[in-house]
2 protein chains.
Amino acid sequence: MEHTFDATDELCINTIRTLSMDAVQKANSGHPGTPMALAPVVEVLFTRFLKHNPANPHWPDRDRFILSCGHASMLLYSILHLTGYDLDLDDLKEFRQWGSRTPGHPEWDHTPGVEITTGPLGQGCAASVGMALAETHLAATFNRPGHRVVDHRTWVLCSDGDLMEGVASEAASLAAHLGLGKLVWIWDDNRITIEGDTDLSFSEDVGRRFSAYGWRVLRLDDVNDLDALAAVLDEAGSTSDRPTLIAARSHIAWGAPNKQDTAAAHGAPLGDDEIRAAKRSYGWPEDETFLVPDEVADRCRQIDRGMADEADWARRMVLWQQQHPDLAKEFARRLAGGLPAGWDDDLPQAPADADPMATRAASGKALNALSKNMPELVGGSADLAPSNKTLITSSGDLTASDPAQRNLRFGIREHGMAAVLNGMSLHGGIRPFGGTFLVFADYMRPSIRLAALMKLPVIYVFTHDSIWVGEDGPTHQPVEHLASLRAVPGLAVVRPADLNETSAAWRVAVERREGPTALILTRQKLPVLQGTVDHASDGVARGAYVVHGEGGSPDVVLLATGSEVSLAGGAAEILSENGVAARVVSMPSWELFRAQPARYREQILPPGVPRVAVEAGVAMGWWEWLGAHGMMIGIDGYGASAPGAVVAERYGFTAEAVAERTLRFVKG
Amino acid sequence: MEHTFDATDELCINTIRTLSMDAVQKANSGHPGTPMALAPVVEVLFTRFLKHNPANPHWPDRDRFILSCGHASMLLYSILHLTGYDLDLDDLKEFRQWGSRTPGHPEWDHTPGVEITTGPLGQGCAASVGMALAETHLAATFNRPGHRVVDHRTWVLCSDGDLMEGVASEAASLAAHLGLGKLVWIWDDNRITIEGDTDLSFSEDVGRRFSAYGWRVLRLDDVNDLDALAAVLDEAGSTSDRPTLIAARSHIAWGAPNKQDTAAAHGAPLGDDEIRAAKRSYGWPEDETFLVPDEVADRCRQIDRGMADEADWARRMVLWQQQHPDLAKEFARRLAGGLPAGWDDDLPQAPADADPMATRAASGKALNALSKNMPELVGGSADLAPSNKTLITSSGDLTASDPAQRNLRFGIREHGMAAVLNGMSLHGGIRPFGGTFLVFADYMRPSIRLAALMKLPVIYVFTHDSIWVGEDGPTHQPVEHLASLRAVPGLAVVRPADLNETSAAWRVAVERREGPTALILTRQKLPVLQGTVDHASDGVARGAYVVHGEGGSPDVVLLATGSEVSLAGGAAEILSENGVAARVVSMPSWELFRAQPARYREQILPPGVPRVAVEAGVAMGWWEWLGAHGMMIGIDGYGASAPGAVVAERYGFTAEAVAERTLRFVKG
């Protein structure tokens, strides 16, 4: 395809540069250098290549654009403004101010046209793999011969820092493995980081590394050479069975006479003098700020092109819909995120005399029951599927050659997995889930935080949740992970006590649209509790409920989660033999319980009755529920390698030991 | 160098295999496949190449060996036993049992010859870079012409999973950048993971990737070809200015007729029948278990060679010591880990009327004051040195060409940094520190956990610790990180309130030998408090102390940390004007305060006096200190992008707002 450029393009590019400089200067905070360097890239990409409709940032078949180096946010805000998104010049003037639509780093669901919250490096790159993967999967699922209703690309702009981060490495390796040919990363090869030149710490051959992953690697010697830039974007946008990396040489703070190619231009305003000098070098009126020449506004505005593209798509959608009405209905449902009728009909339930079962196994059953009715459930494990029980048995592996399948093999890349789940969720049309051992939730934490911050309904399947992991020892036995996950605002942590609670936990996770949910599951078998048979569904949704000793006024309340609930039940029976009436409260989710009315909370935890918490982890946070005079039966250090039951006994997690300590506590 | 092998070597190798199979079978838990595959590698490495003295696992100039794929622990235990470490056959029989010296994954400081706790994949690889780096730095510091008192290699055995993990990628890139020529990773290219064949998820060209980083890449087509194995180890051990990867093709569960090359052999016992069949294939007596033929014991035992090597080193040490007595004294001190006289003499102190200063700046001063007297302080930042204030101004950058310097440029590789710090600490002779923004502590978490589990005295410098970060917005404003770090057993979290407390916090960190310390520091300036001038040193060490309103009996106690202490001080003054006597307790460290006698704790937090906690983060955990009827002034969601003072005001973090809420609380 032929692309021609003229002086107006140069003017557009300089407008992006000067808007960025001016906004950073006005805010007296921000990162001007990268927007100045990469202005040509976004101008050419957004006006010639990106399929988008600024009038409808939610058009499902739009290309996705990700600014992984989120600190260069003014680059994105400038081009969004110029191409016609609902972001006006006054918004740009409010850069980094309270309540503005132009926060310091791009925030999803806050600014029109921003596809993802970025800032923590590597995350945008890695999430882009999830977006491209979602596109591939949905295309394979919904396109039909002669009909391409899902057909878009994912473009990423990223920095040296993004490519140094391990999470991006993991995702890049996976992207090549999955043959994501519509994914393009444009690497801003500016050779500058905060500390100085990249050769302070970065001497690898990035292009060769990506070739080794299996990427197509293209080079652009100068981002200011618009013809070469268009040619390389053209090639990157051409059909490929591999993702594409464009190594694009740029110069940070391009045009700033004293700060170009220096770290000084990275993260601080240029200063008035340097801004004037840079404007002079662009041939720009140096006294003007936030200037958008008319011809720039005309040239950059993409609403007509976008409306036409979307209209064309809509016409094709109609044809497709006529031939495939059920498919179209399902597509609409998936994009809207609604649940299909009867989605939870097949969730397993068990009577109290059922065979004991690990909650990870119950989770596998629940997942498979849901998967039958919810084709949008797509996910897998970071190489622990047989342990996490995350395999959808009715589906094959999602691969480059069969992308319509639903089982993902993430490899031993927990962090990459979590970021990819974010991208899949952001894309829409998919409810992603991912599993690993609970102890390795640590590897995923930066991406979990972003899921919570963005309120993405990602589902985590964390198994092997305590010292009962046993022989694998302290490196594999989580003790602080419940606490550290509960600390994340917006993440719901749910630790079910048996099969019935596990079904209820999955129901909570699926119905929860306002943020991610972490399911915390055992390796070891657990009995099915009498108290969960009728009450788990409502009880888990409320976060805590009575599973034993409902009636009368108890002498003590035992609060427990997960595998410790049946243990507390055993302790309650011993206590009863000793004349102490114990109520056992299963408390699978603090977050859900906190959201209940005070009346319900007091009904479950009657004021004045002494409380004992039993959880095989650190005490951190439990005092919120225990009050000043409660007792915690927890673990204040790390686990140990031995059979699970032995470790549990040594750490005091038997019904007898809990009963004895409780008895002393109540009598003392 | 010529190496010859005979039938006894085969016997040694099969002994490692059968010991591993037998131990896993007896434990009914563990990973037999990799020990069976890699037995030749450890046999040849430990008997021909590794410089070690089984009689003294602490010999400072030994080569380091790291089993990064820690699940293959029986491989390590078998060879340690056979080469003569203090680990007998009964220990092997107790594999994975309570209290044994052969836990499921290798544990440092627990089993002689185990250099590092491994299990979480990627961590051993990444930490090895720290060990090799420590060697390079100490060699450059202590060797003199004609004297090489520090001269050893670091050998790593790692799996596909290790190389899929981003943390290993980060560290590999850094290792090449630093030219760590004595570092060798042997990659077990067995093409099997837990879920099945590696091509489920892993199709990159690993060798080419490592070449791209700048590694020397060697290949070994068959680990069972001992001559080829010796040749490649020989080459790997030869002088190089680059780290070396050996891609070693192996067959998991080698010799097991039905399970070789299958995932079934990865993480479960083989079963008695398959063990017998495998033993038959080795020509082994199939009814014998834990059999060590006499000629194997003789051949493998390395104590004579080790004693001779160490004696030779000791002789050379004496010559060196004679010529460089001061250097030798310093070397001995550094290895023993003692502090030099006057180490803390220069720590900065300030009067109450001093100019306000951010605690990150105070930390930079403290670090530099300590660095003058403590040459063992070596570290840096993950590309945020100018922000973290981690630069040692009297030193240059530690580079391939100048490894005696002390400033490390970790690049934008937080996780890699944390793992490298672990390796440096494990090596000995160095007190490593590393910095980044507090919010990015999430990236480092798996390595922080291992530091705490191993009780390594690593120091973390976490700056930009709250919403006062301001314009960068919620992605850069930690709210849950104090809580999540406090949840880690064995990690001390210290959040000082001003310059005086920052000096005291550094003193705590340096004196603390029993685990890592995280210093939590502000971006924004803070006044120097009257109450810290005389009391910070003792008060910070005790975890909490009174900084305002010592005398009399207070109406309310305000507990605060870091920047919220001066804010609480301001609130106390307003409260005083309103007739409420408030005591302000600075509580920089929960862990240190918990360790105080009850009497001290009650003196600081008098029972019966209402308490209000002020911390710009989630409430999680604070109820431990507040009692049932306290009040928390915290943040229960994420931050926002705006100037720091604006965000703080909007979130209620002003002296006025705190005073008003406290007043209502006390009166209500």
# chains A, B, ... in the order shown; residues from 1 in each chain; ligands from 1
>>> residues_around(residues="segment 119-127 of chain A", least_positions_apart="2", cutoff="6 Å", atoms="only C-alpha atoms", output="count of residues only")
15
>>> residues_around(residues="segment 315-321 of chain A", least_positions_apart="5", cutoff="7 Å", atoms="only C-alpha atoms", output="PyMOL selection string")
chain A and resi 147+149+328
>>> write_last_selection(atoms="N, CA, C and O atoms", output="mmCIF file, in the first residue's frame")
data_model
loop_
_atom_site.group_PDB
_atom_site.id
_atom_site.type_symbol
_atom_site.label_atom_id
_atom_site.label_comp_id
_atom_site.auth_asym_id
_atom_site.auth_seq_id
_atom_site.Cartn_x
_atom_site.Cartn_y
_atom_site.Cartn_z
ATOM 1 N N HIS A 147 -17.109 -14.928 5.925
ATOM 2 C CA HIS A 147 -17.472 -13.926 6.936
ATOM 3 C C HIS A 147 -16.330 -13.758 7.929
ATOM 4 O O HIS A 147 -15.969 -14.716 8.620
ATOM 5 N N VAL A 149 -15.961 -11.568 10.947
ATOM 6 C CA VAL A 149 -16.522 -10.553 11.866
ATOM 7 C C VAL A 149 -15.532 -10.203 12.979
ATOM 8 O O VAL A 149 -15.683 -9.179 13.639
ATOM 9 N N ALA A 328 -24.613 -15.355 15.968
ATOM 10 C CA ALA A 328 -24.639 -13.909 16.195
ATOM 11 C C ALA A 328 -25.188 -13.582 17.576
ATOM 12 O O ALA A 328 -24.703 -12.679 18.270
#
>>> select_by_dssp(residues="segment 255-503 of chain A", states="strand (DSSP E or B)", output="JSON, numbers by chain")
{"A": [357, 358, 377, 378, 379, 380, 381, 397, 407, 408, 409, 431, 432, 433, 434, 435, 436, 437, 459, 460, 461, 462, 463, 492, 493, 494]}
>>> select_by_dssp(residues="segment 244-490 of chain B", states="helix (DSSP H, G or I)", output="JSON, numbers by chain")
{"B": [263, 264, 265, 272, 273, 274, 275, 276, 277, 278, 279, 280, 281, 282, 294, 295, 296, 297, 298, 299, 300, 303, 304, 305, 306, 307, 308, 309, 310, 311, 312, 313, 314, 315, 316, 317, 318, 319, 320, 321, 322, 323, 325, 326, 327, 328, 329, 330, 331, 332, 333, 334, 335, 336, 359, 360, 361, 362, 363, 364, 365, 366, 367, 368, 369, 370, 371, 372, 373, 385, 386, 387, 388, 414, 415, 416, 417, 418, 419, 420, 421, 422, 423, 424, 425, 426, 427, 438, 439, 440, 441, 442, 443, 444, 445, 446, 447, 448, 449, 450, 451, 452, 453, 454, 467, 468, 469, 470, 471, 472, 474, 475, 476, 481, 482, 483, 484, 485, 486]}
>>> residues_around(residues="Asp344 of chain A", least_positions_apart="2", cutoff="12 Å", atoms="only C-alpha atoms", output="ChimeraX atom specification")
/A:339-342,346-349,366-374,503-511,537
>>> residues_around(residues="segment 648-658 of chain A", least_positions_apart="2", cutoff="7 Å", atoms="only C-alpha atoms", output="MDAnalysis selection string")
chainID A and resid 467:468 567:568 570:571 644:646 660:662
>>> write_last_selection(atoms="N, CA, C and O atoms", output="mmCIF file, in the first residue's frame")
data_model
loop_
_atom_site.group_PDB
_atom_site.id
_atom_site.type_symbol
_atom_site.label_atom_id
_atom_site.label_comp_id
_atom_site.auth_asym_id
_atom_site.auth_seq_id
_atom_site.Cartn_x
_atom_site.Cartn_y
_atom_site.Cartn_z
ATOM 1 N N ILE A 467 0.075 -25.820 54.566
ATOM 2 C CA ILE A 467 1.097 -26.782 54.979
ATOM 3 C C ILE A 467 0.721 -28.221 54.632
ATOM 4 O O ILE A 467 1.600 -29.084 54.598
ATOM 5 N N TRP A 468 -0.557 -28.478 54.383
ATOM 6 C CA TRP A 468 -0.950 -29.841 53.995
ATOM 7 C C TRP A 468 -0.353 -30.245 52.649
ATOM 8 O O TRP A 468 -0.472 -31.380 52.242
ATOM 9 N N LEU A 567 -11.779 -29.169 60.392
ATOM 10 C CA LEU A 567 -10.960 -29.328 61.587
ATOM 11 C C LEU A 567 -11.630 -28.636 62.784
ATOM 12 O O LEU A 567 -11.727 -29.204 63.884
ATOM 13 N N ALA A 568 -12.138 -27.442 62.544
ATOM 14 C CA ALA A 568 -12.851 -26.728 63.611
ATOM 15 C C ALA A 568 -14.106 -27.483 64.005
ATOM 16 O O ALA A 568 -14.484 -27.513 65.192
ATOM 17 N N GLY A 570 -14.454 -30.715 63.983
ATOM 18 C CA GLY A 570 -13.990 -31.784 64.869
ATOM 19 C C GLY A 570 -13.685 -31.259 66.254
ATOM 20 O O GLY A 570 -14.028 -31.882 67.273
ATOM 21 N N ALA A 571 -13.083 -30.091 66.302
ATOM 22 C CA ALA A 571 -12.767 -29.482 67.602
ATOM 23 C C ALA A 571 -14.051 -29.160 68.357
ATOM 24 O O ALA A 571 -14.139 -29.344 69.580
ATOM 25 N N GLY A 644 1.874 -34.315 54.767
ATOM 26 C CA GLY A 644 1.006 -33.215 55.178
ATOM 27 C C GLY A 644 0.400 -33.391 56.567
ATOM 28 O O GLY A 644 0.403 -32.458 57.371
ATOM 29 N N ALA A 645 -0.073 -34.597 56.847
ATOM 30 C CA ALA A 645 -0.725 -34.817 58.137
ATOM 31 C C ALA A 645 0.273 -34.657 59.276
ATOM 32 O O ALA A 645 -0.072 -34.199 60.370
ATOM 33 N N VAL A 646 1.516 -35.045 59.014
ATOM 34 C CA VAL A 646 2.556 -34.913 60.047
ATOM 35 C C VAL A 646 2.853 -33.433 60.301
ATOM 36 O O VAL A 646 2.922 -32.979 61.444
ATOM 37 N N GLU A 660 -8.140 -28.329 72.508
ATOM 38 C CA GLU A 660 -7.436 -28.128 73.773
ATOM 39 C C GLU A 660 -7.083 -26.651 73.980
ATOM 40 O O GLU A 660 -7.305 -26.095 75.055
ATOM 41 N N ARG A 661 -6.564 -26.040 72.933
ATOM 42 C CA ARG A 661 -6.206 -24.626 73.063
ATOM 43 C C ARG A 661 -7.443 -23.773 73.273
ATOM 44 O O ARG A 661 -7.439 -22.807 74.051
ATOM 45 N N THR A 662 -8.520 -24.142 72.621
ATOM 46 C CA THR A 662 -9.756 -23.370 72.768
ATOM 47 C C THR A 662 -10.310 -23.521 74.184
ATOM 48 O O THR A 662 -10.776 -22.552 74.800
#
>>> atom_distance(atom1="atom CA of Pro496 of chain B", atom2="atom CA of Thr436 of chain B")
16.8 Å
>>> atom_distance(atom1="atom CA of Pro35 of chain A", atom2="atom CA of Ala278 of chain A")
13.2 Å
>>> closest_atom_pairs(of="segment 497-566 of chain A", to="segment 352-356 of chain A", cutoff="9 Å", atoms="only C-alpha atoms", output="tab-separated table")
residue	atom	partner	partner_atom	distance
A:Asp498	CA	A:Pro356	CA	8.4
A:Leu499	CA	A:Pro356	CA	8.6
A:Lys525	CA	A:Pro356	CA	5.5
A:Leu526	CA	A:Pro356	CA	5.0
A:Pro527	CA	A:Pro356	CA	4.2
A:Val528	CA	A:Ala352	CA	5.0
A:Leu529	CA	A:Ala352	CA	5.3
A:Gln530	CA	A:Ala352	CA	4.7
A:Gly531	CA	A:Ala352	CA	8.2
A:Thr532	CA	A:Ala352	CA	8.1
A:Val533	CA	A:Ala352	CA	6.7
>>> residues_around(residues="Thr244 of chain A", least_positions_apart="6", cutoff="7 Å", atoms="only C-alpha atoms", output="mmCIF file with all heavy atoms, in the first residue's frame")
data_model
loop_
_atom_site.group_PDB
_atom_site.id
_atom_site.type_symbol
_atom_site.label_atom_id
_atom_site.label_comp_id
_atom_site.auth_asym_id
_atom_site.auth_seq_id
_atom_site.Cartn_x
_atom_site.Cartn_y
_atom_site.Cartn_z
ATOM 1 N N LEU A 183 -0.101 -9.685 16.045
ATOM 2 C CA LEU A 183 0.445 -8.920 17.167
ATOM 3 C C LEU A 183 1.732 -8.230 16.737
ATOM 4 O O LEU A 183 2.618 -8.873 16.172
ATOM 5 C CB LEU A 183 0.729 -9.873 18.337
ATOM 6 C CG LEU A 183 1.401 -9.286 19.578
ATOM 7 C CD1 LEU A 183 0.504 -8.242 20.234
ATOM 8 C CD2 LEU A 183 1.741 -10.394 20.572
ATOM 9 N N VAL A 184 1.790 -6.941 16.985
ATOM 10 C CA VAL A 184 2.980 -6.157 16.615
ATOM 11 C C VAL A 184 3.454 -5.352 17.817
ATOM 12 O O VAL A 184 2.676 -4.600 18.408
ATOM 13 C CB VAL A 184 2.663 -5.179 15.459
ATOM 14 C CG1 VAL A 184 3.913 -4.399 15.063
ATOM 15 C CG2 VAL A 184 2.083 -5.912 14.255
ATOM 16 N N TRP A 185 4.705 -5.534 18.180
ATOM 17 C CA TRP A 185 5.314 -4.689 19.216
ATOM 18 C C TRP A 185 6.291 -3.745 18.525
ATOM 19 O O TRP A 185 7.180 -4.196 17.794
ATOM 20 C CB TRP A 185 6.096 -5.518 20.238
ATOM 21 C CG TRP A 185 5.276 -6.374 21.149
ATOM 22 C CD1 TRP A 185 3.933 -6.598 21.105
ATOM 23 C CD2 TRP A 185 5.780 -7.165 22.256
ATOM 24 N NE1 TRP A 185 3.554 -7.469 22.109
ATOM 25 C CE2 TRP A 185 4.661 -7.839 22.826
ATOM 26 C CE3 TRP A 185 7.040 -7.380 22.807
ATOM 27 C CZ2 TRP A 185 4.802 -8.699 23.931
ATOM 28 C CZ3 TRP A 185 7.169 -8.238 23.899
ATOM 29 C CH2 TRP A 185 6.058 -8.876 24.455
ATOM 30 N N TRP A 215 9.811 -14.795 16.676
ATOM 31 C CA TRP A 215 9.160 -13.598 16.148
ATOM 32 C C TRP A 215 9.771 -13.203 14.805
ATOM 33 O O TRP A 215 10.944 -13.480 14.532
ATOM 34 C CB TRP A 215 9.321 -12.415 17.120
ATOM 35 C CG TRP A 215 8.473 -12.490 18.347
ATOM 36 C CD1 TRP A 215 8.395 -13.534 19.226
ATOM 37 C CD2 TRP A 215 7.600 -11.474 18.849
ATOM 38 N NE1 TRP A 215 7.524 -13.227 20.244
ATOM 39 C CE2 TRP A 215 7.027 -11.963 20.043
ATOM 40 C CE3 TRP A 215 7.254 -10.192 18.418
ATOM 41 C CZ2 TRP A 215 6.106 -11.214 20.801
ATOM 42 C CZ3 TRP A 215 6.352 -9.447 19.178
ATOM 43 C CH2 TRP A 215 5.782 -9.966 20.353
ATOM 44 N N ARG A 216 8.984 -12.514 14.015
ATOM 45 C CA ARG A 216 9.509 -11.797 12.859
ATOM 46 C C ARG A 216 10.069 -10.475 13.372
ATOM 47 O O ARG A 216 9.378 -9.770 14.126
ATOM 48 C CB ARG A 216 8.353 -11.560 11.881
ATOM 49 C CG ARG A 216 8.699 -10.659 10.729
ATOM 50 C CD ARG A 216 7.618 -10.681 9.669
ATOM 51 N NE ARG A 216 6.365 -10.055 10.123
ATOM 52 C CZ ARG A 216 5.339 -9.771 9.320
ATOM 53 N NH1 ARG A 216 5.397 -10.089 8.029
ATOM 54 N NH2 ARG A 216 4.247 -9.209 9.795
ATOM 55 N N VAL A 217 11.279 -10.161 13.002
ATOM 56 C CA VAL A 217 11.910 -8.936 13.501
ATOM 57 C C VAL A 217 12.175 -7.986 12.335
ATOM 58 O O VAL A 217 12.852 -8.339 11.374
ATOM 59 C CB VAL A 217 13.220 -9.244 14.256
ATOM 60 C CG1 VAL A 217 13.895 -7.957 14.705
ATOM 61 C CG2 VAL A 217 12.933 -10.143 15.453
ATOM 62 N N ALA A 236 4.623 -5.014 8.891
ATOM 63 C CA ALA A 236 4.205 -5.583 10.172
ATOM 64 C C ALA A 236 2.727 -5.957 10.145
ATOM 65 O O ALA A 236 2.300 -6.922 10.773
ATOM 66 C CB ALA A 236 4.467 -4.589 11.298
#
>>> residues_around(residues="segment 187-197 of chain A", least_positions_apart="4", cutoff="7 Å", atoms="only C-alpha atoms", output="mmCIF file with N, CA, C and O atoms, in the first residue's frame")
data_model
loop_
_atom_site.group_PDB
_atom_site.id
_atom_site.type_symbol
_atom_site.label_atom_id
_atom_site.label_comp_id
_atom_site.auth_asym_id
_atom_site.auth_seq_id
_atom_site.Cartn_x
_atom_site.Cartn_y
_atom_site.Cartn_z
ATOM 1 N N LEU A 157 3.262 -0.232 21.723
ATOM 2 C CA LEU A 157 4.442 0.627 21.734
ATOM 3 C C LEU A 157 5.142 0.368 23.067
ATOM 4 O O LEU A 157 4.516 0.497 24.123
ATOM 5 N N CYS A 158 6.403 0.000 23.003
ATOM 6 C CA CYS A 158 7.066 -0.366 24.254
ATOM 7 C C CYS A 158 8.496 0.149 24.309
ATOM 8 O O CYS A 158 9.076 0.536 23.298
ATOM 9 N N SER A 159 9.025 0.128 25.494
ATOM 10 C CA SER A 159 10.327 0.740 25.777
ATOM 11 C C SER A 159 11.365 -0.324 26.101
ATOM 12 O O SER A 159 11.045 -1.498 26.277
ATOM 13 N N ASP A 160 12.604 0.111 26.216
ATOM 14 C CA ASP A 160 13.657 -0.788 26.696
ATOM 15 C C ASP A 160 13.245 -1.465 27.996
ATOM 16 O O ASP A 160 13.462 -2.652 28.191
ATOM 17 N N LEU A 245 8.130 -7.952 15.832
ATOM 18 C CA LEU A 245 8.797 -6.891 16.596
ATOM 19 C C LEU A 245 9.401 -5.906 15.610
ATOM 20 O O LEU A 245 10.125 -6.312 14.698
ATOM 21 N N ILE A 246 9.066 -4.634 15.794
ATOM 22 C CA ILE A 246 9.744 -3.598 15.021
ATOM 23 C C ILE A 246 10.744 -2.913 15.949
ATOM 24 O O ILE A 246 10.342 -2.307 16.947
ATOM 25 N N ALA A 247 12.002 -3.043 15.630
ATOM 26 C CA ALA A 247 13.022 -2.338 16.407
ATOM 27 C C ALA A 247 13.164 -0.954 15.786
ATOM 28 O O ALA A 247 13.725 -0.803 14.706
ATOM 29 N N ALA A 248 12.623 0.034 16.465
ATOM 30 C CA ALA A 248 12.532 1.375 15.889
ATOM 31 C C ALA A 248 13.488 2.316 16.612
ATOM 32 O O ALA A 248 13.302 2.643 17.786
ATOM 33 N N ARG A 249 14.507 2.731 15.906
ATOM 34 C CA ARG A 249 15.501 3.620 16.517
ATOM 35 C C ARG A 249 14.910 5.014 16.652
ATOM 36 O O ARG A 249 14.440 5.601 15.675
ATOM 37 N N SER A 250 14.951 5.531 17.869
ATOM 38 C CA SER A 250 14.411 6.878 18.097
ATOM 39 C C SER A 250 15.388 7.676 18.942
ATOM 40 O O SER A 250 16.376 7.142 19.455
ATOM 41 N N HIS A 251 15.065 8.942 19.091
ATOM 42 C CA HIS A 251 15.905 9.821 19.902
ATOM 43 C C HIS A 251 15.028 10.521 20.923
ATOM 44 O O HIS A 251 14.180 11.335 20.564
ATOM 45 N N ILE A 252 15.233 10.149 22.172
ATOM 46 C CA ILE A 252 14.415 10.718 23.236
ATOM 47 C C ILE A 252 14.526 12.242 23.196
ATOM 48 O O ILE A 252 15.602 12.795 22.946
ATOM 49 N N ASP A 261 18.465 12.797 23.564
ATOM 50 C CA ASP A 261 19.369 11.672 23.820
ATOM 51 C C ASP A 261 19.993 11.686 25.209
ATOM 52 O O ASP A 261 21.077 11.142 25.411
ATOM 53 N N THR A 262 19.298 12.303 26.161
ATOM 54 C CA THR A 262 19.802 12.264 27.542
ATOM 55 C C THR A 262 18.709 11.768 28.483
ATOM 56 O O THR A 262 17.513 11.939 28.222
ATOM 57 N N ALA A 263 19.154 11.168 29.583
ATOM 58 C CA ALA A 263 18.216 10.696 30.591
ATOM 59 C C ALA A 263 17.458 11.846 31.239
ATOM 60 O O ALA A 263 16.379 11.664 31.802
ATOM 61 N N HIS A 266 13.902 12.180 30.351
ATOM 62 C CA HIS A 266 12.995 11.052 30.545
ATOM 63 C C HIS A 266 11.807 11.400 31.429
ATOM 64 O O HIS A 266 10.671 11.315 31.000
ATOM 65 N N ASP B 383 17.104 0.555 37.917
ATOM 66 C CA ASP B 383 16.982 1.745 37.061
ATOM 67 C C ASP B 383 16.290 2.921 37.732
ATOM 68 O O ASP B 383 15.725 3.785 37.058
ATOM 69 N N LEU B 384 16.317 2.971 39.040
ATOM 70 C CA LEU B 384 15.725 4.130 39.714
ATOM 71 C C LEU B 384 16.691 4.761 40.698
ATOM 72 O O LEU B 384 16.268 5.411 41.658
ATOM 73 N N ALA B 385 17.969 4.589 40.479
ATOM 74 C CA ALA B 385 18.956 5.114 41.436
ATOM 75 C C ALA B 385 18.751 6.601 41.748
ATOM 76 O O ALA B 385 18.795 6.994 42.918
ATOM 77 N N PRO B 386 18.496 7.432 40.744
ATOM 78 C CA PRO B 386 18.328 8.848 41.093
ATOM 79 C C PRO B 386 17.105 9.091 41.984
ATOM 80 O O PRO B 386 17.085 10.033 42.765
#
